[in-house]
Every structure is written in C-alpha cells, then in structure tokens.
>>> print(open('coords_25.txt').read())   # compact mmCIF, C-alpha atoms
# COMPACT_ATOMS: atom_id res chain seq x y z
CA MET B 170 0.41 -5.65 20.43
CA MET B 171 1.62 -9.14 19.69
CA ARG B 172 5.18 -10.17 20.43
CA GLU B 173 7.69 -9.91 17.60
CA SER B 174 8.26 -13.69 17.73
CA THR B 175 4.53 -14.27 17.16
CA LEU B 176 4.49 -11.81 14.27
CA MET B 177 7.49 -13.62 12.76
CA TRP B 178 5.77 -17.00 13.02
CA ILE B 179 2.73 -15.53 11.26
CA GLN B 180 5.21 -14.26 8.64
CA TYR B 181 6.43 -17.84 8.08
CA ILE B 182 2.90 -19.34 8.04
CA THR B 183 1.57 -16.69 5.60
CA GLY B 184 4.71 -17.24 3.51
CA LEU B 185 3.99 -20.97 3.20
CA GLY B 186 0.37 -20.22 2.30
CA ILE B 187 1.53 -17.73 -0.34
CA LEU B 188 3.88 -20.39 -1.73
CA VAL B 189 0.91 -22.73 -2.31
CA LEU B 190 -1.53 -20.10 -3.61
CA GLY B 191 1.23 -18.38 -5.60
CA ALA B 192 2.06 -21.68 -7.31
CA LEU B 193 -1.65 -22.01 -8.15
CA HIS B 194 -1.67 -18.41 -9.41
CA PHE B 195 1.31 -19.01 -11.71
CA ALA B 196 -0.18 -22.33 -12.85
CA SER B 197 -3.46 -20.59 -13.71
CA LEU B 198 -1.49 -18.12 -15.84
CA THR B 199 0.45 -20.80 -17.72
CA PHE B 200 -0.30 -24.52 -18.11
CA LEU B 201 -3.77 -24.49 -16.51
CA ALA B 202 -5.01 -21.91 -19.05
CA PRO B 203 -6.14 -22.89 -22.54
CA GLY B 204 -3.33 -21.82 -24.88
CA GLY B 205 -0.86 -21.04 -22.09
CA TYR B 206 -0.03 -17.48 -21.04
CA PRO B 207 -1.74 -15.64 -23.95
CA GLY B 208 -4.93 -17.67 -23.37
CA ALA B 209 -4.84 -16.92 -19.64
CA LEU B 210 -5.23 -13.21 -20.39
CA GLU B 211 -8.31 -13.67 -22.61
CA TYR B 212 -11.38 -11.85 -21.35
CA THR B 213 -13.44 -15.06 -21.13
CA THR B 214 -10.72 -16.97 -19.22
CA VAL B 215 -10.23 -14.21 -16.63
CA PHE B 216 -13.97 -13.66 -16.41
CA SER B 217 -14.70 -17.34 -15.73
CA ARG B 218 -12.00 -17.45 -13.01
CA TYR B 219 -13.24 -14.39 -11.17
CA THR B 220 -16.87 -15.56 -11.18
CA ASP B 221 -16.03 -19.07 -9.95
CA PRO B 222 -16.54 -19.10 -6.13
CA LEU B 223 -13.50 -21.34 -5.55
CA TRP B 224 -11.12 -19.25 -7.68
CA ALA B 225 -12.50 -16.03 -6.14
CA ALA B 226 -12.03 -17.44 -2.63
CA ALA B 227 -8.47 -18.53 -3.48
CA LEU B 228 -7.70 -15.04 -4.80
CA GLU B 229 -9.16 -13.43 -1.68
CA ALA B 230 -7.11 -15.71 0.58
CA PHE B 231 -4.01 -14.98 -1.53
CA LEU B 232 -4.65 -11.26 -1.13
CA ALA B 233 -5.15 -11.53 2.64
CA LEU B 234 -1.93 -13.51 3.15
CA LEU B 235 0.04 -11.16 0.87
CA SER B 236 -1.28 -8.04 2.62
CA TYR B 237 0.12 -9.28 5.92
CA HIS B 238 3.36 -10.76 4.54
CA VAL B 239 4.36 -7.81 2.35
CA PHE B 240 3.70 -5.07 4.88
CA ASN B 241 5.13 -6.98 7.82
CA GLY B 242 8.23 -7.46 5.64
CA PHE B 243 8.41 -3.74 4.91
CA ARG B 244 7.86 -3.07 8.62
CA ILE B 245 10.80 -5.27 9.64
CA MET B 246 13.12 -3.50 7.19
CA LEU B 247 11.94 -0.03 8.21
CA LEU B 248 12.28 -0.74 11.94
CA GLU B 249 15.96 -1.55 11.40
CA LEU B 250 16.72 1.83 9.89
CA ASN B 251 16.12 3.85 13.02
CA GLN B 252 15.66 3.31 16.75
CA GLY B 253 13.31 4.70 19.35
CA SER B 254 9.73 4.13 20.42
CA GLY B 255 8.42 7.06 18.34
CA TRP B 256 9.85 5.58 15.14
CA SER B 257 8.61 2.09 16.05
CA LYS B 258 5.08 3.27 16.76
CA ALA B 259 4.95 5.36 13.57
CA VAL B 260 6.21 2.47 11.40
CA ASN B 261 3.89 -0.06 13.04
CA ALA B 262 0.82 2.15 12.64
CA THR B 263 1.64 3.16 9.04
CA MET B 264 2.33 -0.39 7.89
CA PHE B 265 -0.82 -1.72 9.60
CA LEU B 266 -2.93 0.94 7.91
CA ALA B 267 -1.23 0.37 4.54
CA ALA B 268 -1.87 -3.39 4.77
CA LEU B 269 -5.51 -2.74 5.63
CA VAL B 270 -5.95 -0.29 2.74
CA VAL B 271 -4.32 -2.65 0.22
CA PHE B 272 -6.43 -5.58 1.47
CA LEU B 273 -9.69 -3.61 1.22
CA TYR B 274 -8.69 -2.12 -2.15
CA GLY B 275 -7.99 -5.56 -3.61
CA THR B 276 -11.10 -7.06 -2.00
CA ARG B 277 -13.19 -4.37 -3.69
CA THR B 278 -11.86 -5.52 -7.09
CA ILE B 279 -12.49 -9.22 -6.38
CA ILE B 280 -16.05 -8.56 -5.12
CA THR B 281 -16.80 -6.24 -8.04
CA PHE B 282 -15.64 -8.86 -10.55
CA TYR B 283 -17.47 -11.65 -8.76
CA LEU B 284 -20.78 -9.78 -8.50
CA GLY B 285 -20.38 -8.41 -12.03
CA GLY B 286 -20.58 -11.95 -13.32
CA VAL B 287 -23.20 -13.30 -10.94
CA VAL B 288 -25.73 -10.47 -10.69
CA MET O 83 21.54 9.13 22.83
CA SER O 84 18.95 7.50 25.06
CA ALA O 85 19.17 4.11 23.37
CA GLY O 86 22.87 4.62 22.66
CA ALA O 87 23.67 4.78 26.32
CA LYS O 88 23.14 1.04 26.69
CA PHE O 89 23.39 -0.27 23.14
CA PRO O 90 24.97 1.38 20.10
CA GLU O 91 22.28 2.68 17.77
CA ASN O 92 22.01 1.16 14.32
CA LYS O 93 22.15 4.19 12.05
CA ARG O 94 24.14 2.75 9.15
CA GLY O 95 21.21 2.90 6.77
CA VAL O 96 20.65 0.46 3.93
CA LEU O 97 24.01 0.41 2.14
CA GLY O 98 25.98 0.24 5.39
CA GLY O 99 23.47 -2.15 6.92
CA TRP O 100 21.64 -5.06 5.36
CA ALA O 101 22.85 -4.29 1.82
CA ARG O 102 26.54 -4.22 2.77
CA VAL O 103 28.29 -6.91 0.74
CA SER O 104 31.92 -6.65 1.81
CA HIS O 105 32.94 -9.99 3.39
CA ALA O 106 29.50 -11.40 2.52
CA ASN O 107 29.35 -15.21 2.49
CA PHE O 108 26.91 -17.38 0.53
CA GLU O 109 24.09 -17.09 3.09
CA ARG O 110 24.58 -13.36 3.30
CA TRP O 111 24.12 -13.04 -0.46
CA LEU O 112 20.94 -15.15 -0.22
CA TYR O 113 19.72 -12.83 2.55
CA LEU O 114 20.46 -9.73 0.47
CA LEU O 115 18.64 -11.21 -2.53
CA HIS O 116 15.75 -12.23 -0.26
CA ARG O 117 15.21 -8.63 0.78
CA LEU O 118 15.67 -7.17 -2.71
CA THR O 119 13.24 -9.65 -4.27
CA GLY O 120 10.78 -9.11 -1.40
CA ILE O 121 10.76 -5.34 -1.89
CA VAL O 122 10.34 -5.60 -5.68
CA VAL O 123 7.57 -8.23 -5.58
CA GLY O 124 5.82 -6.37 -2.74
CA LEU O 125 5.78 -3.12 -4.72
CA TYR O 126 4.66 -5.07 -7.80
CA LEU O 127 1.67 -6.37 -5.80
CA ILE O 128 0.48 -2.79 -5.27
CA ALA O 129 0.90 -1.99 -8.99
CA LEU O 130 -0.96 -5.19 -9.92
CA LEU O 131 -3.89 -4.30 -7.63
CA VAL O 132 -4.09 -0.82 -9.18
CA GLU O 133 -4.02 -2.38 -12.66
CA THR O 134 -6.79 -4.92 -11.96
CA SER O 135 -8.97 -2.39 -10.13
CA ASN O 136 -8.87 -0.16 -13.22
CA VAL O 137 -10.60 -2.79 -15.34
CA ALA O 138 -13.46 -3.45 -12.92
CA PRO O 139 -15.82 -1.27 -15.04
CA ALA O 140 -15.23 -3.66 -17.93
CA TYR O 141 -16.94 -6.41 -15.99
CA LEU O 142 -19.74 -4.32 -14.54
CA GLY O 143 -20.58 -2.92 -17.97
CA ASN O 144 -19.93 -6.29 -19.62
CA ASN O 145 -17.59 -4.44 -21.96
CA PRO O 146 -14.62 -6.61 -23.02
CA ASN O 147 -13.01 -3.69 -24.88
CA VAL O 148 -11.79 -2.02 -21.67
CA TRP O 149 -9.99 -5.25 -20.74
CA ASN O 150 -8.74 -5.96 -24.25
CA ASP O 151 -7.39 -2.42 -24.67
CA LEU O 152 -5.46 -2.66 -21.40
CA MET O 153 -4.05 -6.08 -22.31
CA ALA O 154 -3.06 -4.84 -25.78
CA SER O 155 -1.21 -1.88 -24.25
CA LEU O 156 0.69 -4.18 -21.86
CA TYR O 157 1.33 -7.00 -24.34
CA ASN O 158 4.87 -6.19 -25.49
CA PRO O 159 8.39 -7.55 -24.93
CA VAL O 160 9.34 -4.81 -22.45
CA MET O 161 6.41 -5.65 -20.15
CA HIS O 162 7.05 -9.36 -20.61
CA ALA O 163 10.68 -8.85 -19.60
CA GLY O 164 9.41 -7.09 -16.48
CA LEU O 165 7.06 -9.99 -15.73
CA LEU O 166 9.93 -12.45 -16.23
CA ILE O 167 11.92 -10.60 -13.55
CA ILE O 168 8.89 -10.58 -11.23
CA ALA O 169 8.36 -14.32 -11.79
CA ALA O 170 12.02 -15.12 -11.09
CA PHE O 171 12.07 -12.89 -8.00
CA ALA O 172 8.82 -14.37 -6.64
CA VAL O 173 10.03 -17.95 -7.12
CA TYR O 174 13.41 -17.17 -5.51
CA HIS O 175 11.79 -15.39 -2.56
CA GLY O 176 9.35 -18.24 -2.00
CA LEU O 177 11.93 -21.03 -2.14
CA ASN O 178 14.52 -19.17 -0.07
CA GLY O 179 11.70 -18.44 2.38
CA VAL O 180 11.20 -22.19 2.80
CA ARG O 181 14.94 -22.54 3.55
CA LEU O 182 14.71 -19.75 6.15
CA PHE O 183 11.61 -21.33 7.71
CA LEU O 184 13.48 -24.65 8.02
CA ALA O 185 16.52 -22.88 9.49
CA ALA O 186 14.36 -21.05 12.04
CA SER O 187 12.81 -24.40 12.93
CA GLY O 188 16.27 -25.91 13.44
CA VAL O 189 16.03 -28.24 10.44
CA GLY O 190 19.27 -28.94 8.59
CA VAL O 191 21.51 -26.61 10.56
CA GLY O 192 23.57 -29.42 12.11
CA ARG O 193 24.36 -30.22 15.74
CA PRO O 194 26.41 -27.79 17.84
CA ILE O 195 30.07 -28.83 18.31
CA ARG O 196 32.93 -27.64 20.50
CA PRO O 197 34.68 -24.61 19.02
CA GLU O 198 37.84 -26.14 17.58
CA TRP O 199 40.19 -24.92 14.92
CA PRO O 200 39.43 -23.81 12.17
CA TYR O 201 36.20 -22.70 13.87
CA ALA O 202 34.02 -23.33 10.82
CA PRO O 203 30.37 -23.12 11.92
CA VAL O 204 28.47 -26.38 11.53
CA SER O 205 25.61 -24.53 9.86
CA LEU O 206 27.87 -23.62 6.95
CA ARG O 207 28.65 -27.27 6.20
CA SER O 208 25.06 -28.41 6.67
CA PRO O 209 22.16 -29.40 4.42
CA GLN O 210 21.11 -25.75 4.61
CA ARG O 211 23.88 -24.76 2.22
CA PHE O 212 22.88 -27.53 -0.18
CA LEU O 213 19.28 -26.28 0.01
CA GLY O 214 20.47 -22.81 -0.97
CA TRP O 215 22.08 -24.10 -4.16
CA LEU O 216 19.18 -26.49 -4.85
CA PHE O 217 16.64 -23.66 -4.65
CA ILE O 218 18.76 -21.46 -6.91
CA ALA O 219 18.76 -24.30 -9.45
CA VAL O 220 14.97 -24.73 -9.17
CA THR O 221 14.54 -20.96 -9.53
CA LEU O 222 16.58 -21.04 -12.75
CA VAL O 223 14.53 -23.92 -14.17
CA LEU O 224 11.21 -22.21 -13.38
CA THR O 225 12.53 -18.93 -14.77
CA ILE O 226 13.33 -20.71 -18.03
CA TYR O 227 9.75 -22.01 -18.05
CA ALA O 228 8.48 -18.44 -17.45
CA PHE O 229 10.68 -17.29 -20.36
CA TYR O 230 9.12 -20.01 -22.54
CA GLN O 231 5.60 -18.84 -21.62
CA LEU O 232 6.29 -15.10 -21.84
CA PHE O 233 8.43 -15.02 -24.98
CA ILE O 234 8.12 -18.28 -26.95
CA VAL O 235 4.40 -19.05 -26.49
CA THR O 236 3.35 -15.41 -26.90
CA HIS O 237 5.24 -14.79 -30.13
CA PHE O 238 5.98 -18.13 -31.82
CA VAL O 239 3.44 -20.81 -30.82
>>> encode(input="coords_25.txt", output="structure tokens")
Amino acid sequence: MMRESTLMWIQYITGLGILVLGALHFASLTFLAPGGYPGALEYTTVFSRYTDPLWAAALEAFLALLSYHVFNGFRIMLLELNQGSGWSKAVNATMFLAALVVFLYGTRTIITFYLGGVV
Amino acid sequence: MSAGAKFPENKRGVLGGWARVSHANFERWLYLLHRLTGIVVGLYLIALLVETSNVAPAYLGNNPNVWNDLMASLYNPVMHAGLLIIAAFAVYHGLNGVRLFLAASGVGVGRPIRPEWPYAPVSLRSPQRFLGWLFIAVTLVLTIYAFYQLFIVTHFV
C-alpha cells in the first residue's frame, strides 16, 4: 500500500492531466466540431473521432486518469466518515475495485468503437 | 473507543463535518464547492460511460439509427440544462484544483510571520485568495460559453 502522501500527489498529477484532456474533450464538443455542439453529436463526427488512433488514445488516457481521480476522491471522503482499520480496508478495497471496473467498462466501449470502425 | 482513547473520533458525518457552513470563510466555501462538484461530476462520469456503452452496437452493426435515436431522446432543454451544470461544475473543480495544487506546493500562500494582533493569517491576504476569485470569474465566463453552445447554437443558429 502506498503512503497517503503519494496517493495525494498522484491525485494532483492526474488532476492536471484531466484538466488538459478535459479541455480537449470540451473543445471537441464545441468549437473543434463542425457546427459547434449539435455537429459534435452527429454520428459521422463521433464515429471519425473514435476511429482515429490519436483521439481514441486521448480518450483512453482521459478514462484512466479519471478512474483514479474520481475513486480516490470518493475514497478520501468516505475515509473521513468513520474510523478504524476495518472501515479503512473496506473502503480502500471497494474503491480500488470500483475504479478498476469503471476503467475496464469504459475501455471496452472505446475498443469496441475503435475496432468497429477499423475492422 | 479504541481510537477514541488517544484521539477523538470523527463521527460528525457529512453535515456536521465537511459540509458544515457555520463560520465558513471564503476558502471554506471553495472547499465545500470543490467536494460537491467533485461528487456530481464523478457520478456523471459513471452515467456517461453507461450511456456510451449502450450505443456500441450501433457501431458494430454500422447502424446510425441506434445512435440517432439515443441523441434525439437526450436532445432537449432539460438535458441541456443538466449538461450546463456538469460543464460549470467540471470547470470549477478543475480550476479550483489548480489553486489547491499550488497551495499544496507552497505557491502564493505568503511567508510565515510572527503572530501579532489581529492574528490574520498571511495565507488569507495572499495571491491564493485572488486566485480563488479569478477562477470563479473564469468559471462564469466558460459557463456562459457552455450556455451559448447548449442553448443558443442548438436552437437558434
């Protein structure tokens, strides 16, 4: 188990990464899309993004950073609510598993979309 | 009891704990908002992943109708209002996160001084407080842009 200070630094680093990729995500939904927000939701626009290796890689990285950041955030808040090693272990294990499940679940979508356009 | 023997246990819950706002100063309000926005955007992430995973068959079957039907069902002012809140919350959380990262790194919190009357902490007169207001202003500007995209572009342009 890593120290809490290390986990917190990873929280900051993932947060800064999310800031960059999140800005790209919002840009892709607004001024980078043809016709702004409505155009960003067109089948062809979304399809071309998901099948582009760079966009797919950016989405996957975004997902990985978010999986850590969100569930470590939930973990910090939950740990405050109660004390004791039993509670800590239960929260740590549950949040780790939840982050893993969300990451794999989202990865499945990205891979499906990517292969759906390539194969 | 075991932990309470040495340190008092923190059993005040949410409303008596981090969400308690009596005597809250500016930074405390930012902290409260940081947690609220984090929870909402975090839960939204899960909903978004469920939504996008449901349209995977549209791509595998090369059937745009599955996608178009879903988009048509979500393309209304109520959903757009929800997205506006998510956008505002995400921008606030991100920018305030930068402020917290700088504070944790010791940037802009001022130099320590001797405790003299009226004992105002240096950190509360520092660039950190300016950053707080600056990021709120930037959040408002970007939220107005999100409003333009979600309500003006979608219905009038």
>>> residues_around(input="coords_25.txt", residues="Pro203 in chain O", least_positions_apart="5", cutoff="12 Å", atoms="all atoms listed in the file", output="list in words")
Val191, Gly192, Arg193, Pro194, Ile195, Arg196, Pro197, Glu198, Ser208 and Arg211 of chain O
>>> atom_distance(input="coords_25.txt", atom1="CA of Ala169 in chain O", atom2="CA of Val123 in chain O")
8.7 Å
>>> closest_atom_pairs(input="coords_25.txt", of="chain B", to="chain O", cutoff="6 Å", atoms="only C-alpha atoms", output="JSON lines")
{"residue": "B:Leu188", "atom": "CA", "partner": "O:Gly176", "partner_atom": "CA", "distance": 5.9}
{"residue": "B:Tyr206", "atom": "CA", "partner": "O:Gln231", "partner_atom": "CA", "distance": 5.8}
{"residue": "B:Pro207", "atom": "CA", "partner": "O:Thr236", "partner_atom": "CA", "distance": 5.9}
{"residue": "B:Val239", "atom": "CA", "partner": "O:Gly124", "partner_atom": "CA", "distance": 5.5}
{"residue": "B:Leu250", "atom": "CA", "partner": "O:Gly95", "partner_atom": "CA", "distance": 5.6}
{"residue": "B:Gly275", "atom": "CA", "partner": "O:Leu131", "partner_atom": "CA", "distance": 5.9}
{"residue": "B:Thr278", "atom": "CA", "partner": "O:Ser135", "partner_atom": "CA", "distance": 5.2}
{"residue": "B:Gly285", "atom": "CA", "partner": "O:Leu142", "partner_atom": "CA", "distance": 4.8}
>>> residues_around(input="coords_25.txt", residues="Ala267 in chain B", least_positions_apart="6", cutoff="12 Å", atoms="all atoms listed in the file", output="PyMOL selection string")
(chain B and resi 236-237+239-241+243-244+260-261+273-274) or (chain O and resi 128)
>>> write_last_selection(input="coords_25.txt", atoms="C-alpha atoms", output="PDB file, in the coordinates of the input")
ATOM      1  CA  SER B 236      -1.280  -8.040   2.620  1.00  0.00           C
ATOM      2  CA  TYR B 237       0.120  -9.280   5.920  1.00  0.00           C
ATOM      3  CA  VAL B 239       4.360  -7.810   2.350  1.00  0.00           C
ATOM      4  CA  PHE B 240       3.700  -5.070   4.880  1.00  0.00           C
ATOM      5  CA  ASN B 241       5.130  -6.980   7.820  1.00  0.00           C
ATOM      6  CA  PHE B 243       8.410  -3.740   4.910  1.00  0.00           C
ATOM      7  CA  ARG B 244       7.860  -3.070   8.620  1.00  0.00           C
ATOM      8  CA  VAL B 260       6.210   2.470  11.400  1.00  0.00           C
ATOM      9  CA  ASN B 261       3.890  -0.060  13.040  1.00  0.00           C
ATOM     10  CA  LEU B 273      -9.690  -3.610   1.220  1.00  0.00           C
ATOM     11  CA  TYR B 274      -8.690  -2.120  -2.150  1.00  0.00           C
TER      12      TYR B 274
ATOM     13  CA  ILE O 128       0.480  -2.790  -5.270  1.00  0.00           C
TER      14      ILE O 128
END
>>> atom_distance(input="coords_25.txt", atom1="CA of Arg277 in chain B", atom2="CA of Gln180 in chain B")
24.3 Å
>>> closest_residue(input="coords_25.txt", among="O:Gly164, O:Tyr174, O:Val220, O:Pro209", to="Val189 in chain O", atoms="all atoms listed in the file")
O:Pro209
>>> atom_distance(input="coords_25.txt", atom1="CA of Met161 in chain O", atom2="CA of Leu210 in chain B")
13.9 Å
>>> axis_aligned_box(input="coords_25.txt", around="range 274-285 of chain B", padding_each_side="3 Å", output="lines of an AutoDock Vina configuration file")
center_x = -14.4
center_y = -6.9
center_z = -7.0
size_x = 18.8
size_y = 15.5
size_z = 16.0
>>> closest_residue(input="coords_25.txt", among="O:Ala219, O:Gly190, O:Leu166, O:Leu114", to="Arg207 in chain O", atoms="all atoms listed in the file")
O:Gly190
